[in-house]
Amino acid sequence: MLRIALIYGAIAGTIVIGAMTLGFILDGDEKGAASGQIFGYLIMLAALTLIFVGVKRHRDVNHGGVIKFLPAFLTGLAIAAVAGAFYVTGWELYLAATDHAFIEEYSAAVIEKKKAAGLAGAELDKAIAEMNRMVENYGNPLFRIPITFSEIFPVGLLISLVSAAILRNPKVLPARG
């Protein structure tokens, strides 16, 4: 199981961080943050379908085509955890390469969007103070790394549940002998 988790998790995590980094490089601005988030989660969903492939491989190769829900679910979680670790590592490398400019640019874009929406006075000051706290907190790896991991892992958790539920039935995509 460990070998399958490492292989499929590494591939999934690399796909996600590669696509998202490429998106940041090509897009270059935070004006489309909502569409960027949707695109990011679609990339995660697509890449993390490798959880299904990895669980099926584990079922077919290591369990003779039959697997119970819990071992299938744990295999999926292991793949999701490895993908999450690769995603976090890739994100940290991206931040280091860009001198942690992301959070400053994101904060400025959020504040600009609030100004454009008509926020002013004390409410704007409060929003600016909140974003300044976010920028400060994001500089701390103990704050940033769990947030980054929590972006991808719930998607992997969901796919692990679905994969385990489907693949526990040996009649679904049976192993070829």
# chains A, B, ... in the order shown; residues from 1 in each chain; ligands from 1
$ closest_atom_pairs --of "segment 33-146 of chain A" --to "segment 155-169 of chain A" --cutoff "9 Å" --atoms "only C-alpha atoms" --output "CSV"
residue,atom,partner,partner_atom,distance
A:Tyr41,CA,A:Val155,CA,8.2
A:Met44,CA,A:Val155,CA,7.3
A:Leu45,CA,A:Val155,CA,6.7
A:Leu48,CA,A:Gly156,CA,6.2
A:Thr49,CA,A:Ile159,CA,7.1
A:Ile51,CA,A:Ser160,CA,6.5
A:Phe52,CA,A:Ser163,CA,5.2
A:Val53,CA,A:Ser163,CA,8.7
A:Val55,CA,A:Ser163,CA,7.2
A:Lys56,CA,A:Leu167,CA,6.6
A:Arg59,CA,A:Leu167,CA,7.9
A:Val66,CA,A:Arg168,CA,6.8
A:Ile67,CA,A:Arg168,CA,5.3
A:Lys68,CA,A:Arg168,CA,5.2
A:Phe69,CA,A:Ala164,CA,5.3
A:Leu70,CA,A:Ala164,CA,7.4
A:Pro71,CA,A:Ala164,CA,8.1
A:Ala72,CA,A:Ala164,CA,4.9
A:Phe73,CA,A:Ala164,CA,5.0
A:Leu74,CA,A:Ser160,CA,7.9
A:Thr75,CA,A:Ser160,CA,7.9
A:Gly76,CA,A:Ser160,CA,4.5
A:Leu77,CA,A:Ser160,CA,6.0
A:Ile79,CA,A:Gly156,CA,8.0
A:Ala80,CA,A:Gly156,CA,4.9
A:Ala81,CA,A:Gly156,CA,7.9
A:Ala83,CA,A:Gly156,CA,8.4
A:Gly84,CA,A:Gly156,CA,8.5
$ select_by_dssp --residues "chain A" --states "helix (DSSP H, G or I)" --output "JSON, numbers by chain"
{"A": [2, 3, 4, 5, 6, 7, 8, 9, 10, 11, 12, 13, 14, 15, 16, 17, 18, 19, 20, 21, 22, 23, 24, 25, 26, 27, 33, 34, 35, 36, 37, 38, 39, 40, 41, 42, 43, 44, 45, 46, 47, 50, 51, 52, 53, 54, 55, 56, 57, 58, 59, 60, 61, 62, 69, 70, 71, 72, 73, 74, 75, 76, 77, 78, 79, 80, 81, 82, 83, 84, 85, 86, 87, 88, 89, 90, 91, 92, 93, 94, 95, 96, 97, 101, 102, 103, 104, 105, 106, 107, 108, 109, 110, 111, 112, 113, 114, 115, 116, 121, 122, 123, 124, 125, 126, 127, 128, 129, 130, 131, 132, 133, 134, 135, 136, 137, 138, 141, 142, 143, 144, 145, 146, 147, 148, 149, 150, 151, 152, 153, 154, 155, 156, 157, 158, 159, 160, 161, 162, 163, 164, 165, 166, 167]}
$ closest_atom_pairs --of "segment 67-120 of chain A" --to "segment 129-148 of chain A" --cutoff "12 Å" --atoms "only C-alpha atoms" --output "CSV"
residue,atom,partner,partner_atom,distance
A:Ala83,CA,A:Thr148,CA,11.8
A:Gly84,CA,A:Thr148,CA,8.4
A:Ala85,CA,A:Thr148,CA,9.5
A:Phe86,CA,A:Thr148,CA,10.8
A:Tyr87,CA,A:Thr148,CA,7.9
A:Val88,CA,A:Thr148,CA,6.0
A:Thr89,CA,A:Ile145,CA,8.9
A:Gly90,CA,A:Thr148,CA,10.3
A:Trp91,CA,A:Thr148,CA,7.8
A:Glu92,CA,A:Ile145,CA,8.2
A:Leu93,CA,A:Ile145,CA,12.0
A:Leu95,CA,A:Gly139,CA,10.4
A:Ala96,CA,A:Gly139,CA,11.3
A:Asp99,CA,A:Gly139,CA,11.0
A:His100,CA,A:Gly139,CA,8.1
A:Ala101,CA,A:Val135,CA,10.2
A:Phe102,CA,A:Val135,CA,9.7
A:Ile103,CA,A:Val135,CA,6.0
A:Glu104,CA,A:Val135,CA,6.7
A:Glu105,CA,A:Val135,CA,9.9
A:Tyr106,CA,A:Val135,CA,9.2
A:Ser107,CA,A:Met131,CA,5.8
A:Ala108,CA,A:Met131,CA,8.5
A:Ala109,CA,A:Met131,CA,10.4
A:Val110,CA,A:Met131,CA,8.1
A:Ile111,CA,A:Met131,CA,7.7
A:Glu112,CA,A:Met131,CA,11.4
A:Lys114,CA,A:Met131,CA,11.4
$ atom_distance --atom1 "atom CA of Phe149 of chain A" --atom2 "atom CA of Leu50 of chain A"
17.7 Å
$ atom_distance --atom1 "atom CA of Tyr94 of chain A" --atom2 "atom CA of Thr21 of chain A"
7.3 Å
$ closest_residue --among "A:Lys126, A:Gly9, A:Ala117, A:Met1" --to "Asp60 of chain A" --atoms "only C-alpha atoms"
A:Met1
$ closest_residue --among "A:Ile25, A:Leu2, A:Ile128, A:Met20" --to "Ile43 of chain A" --atoms "only C-alpha atoms"
A:Met20
$ atom_distance --atom1 "atom CA of Ile11 of chain A" --atom2 "atom CA of Ala47 of chain A"
8.1 Å
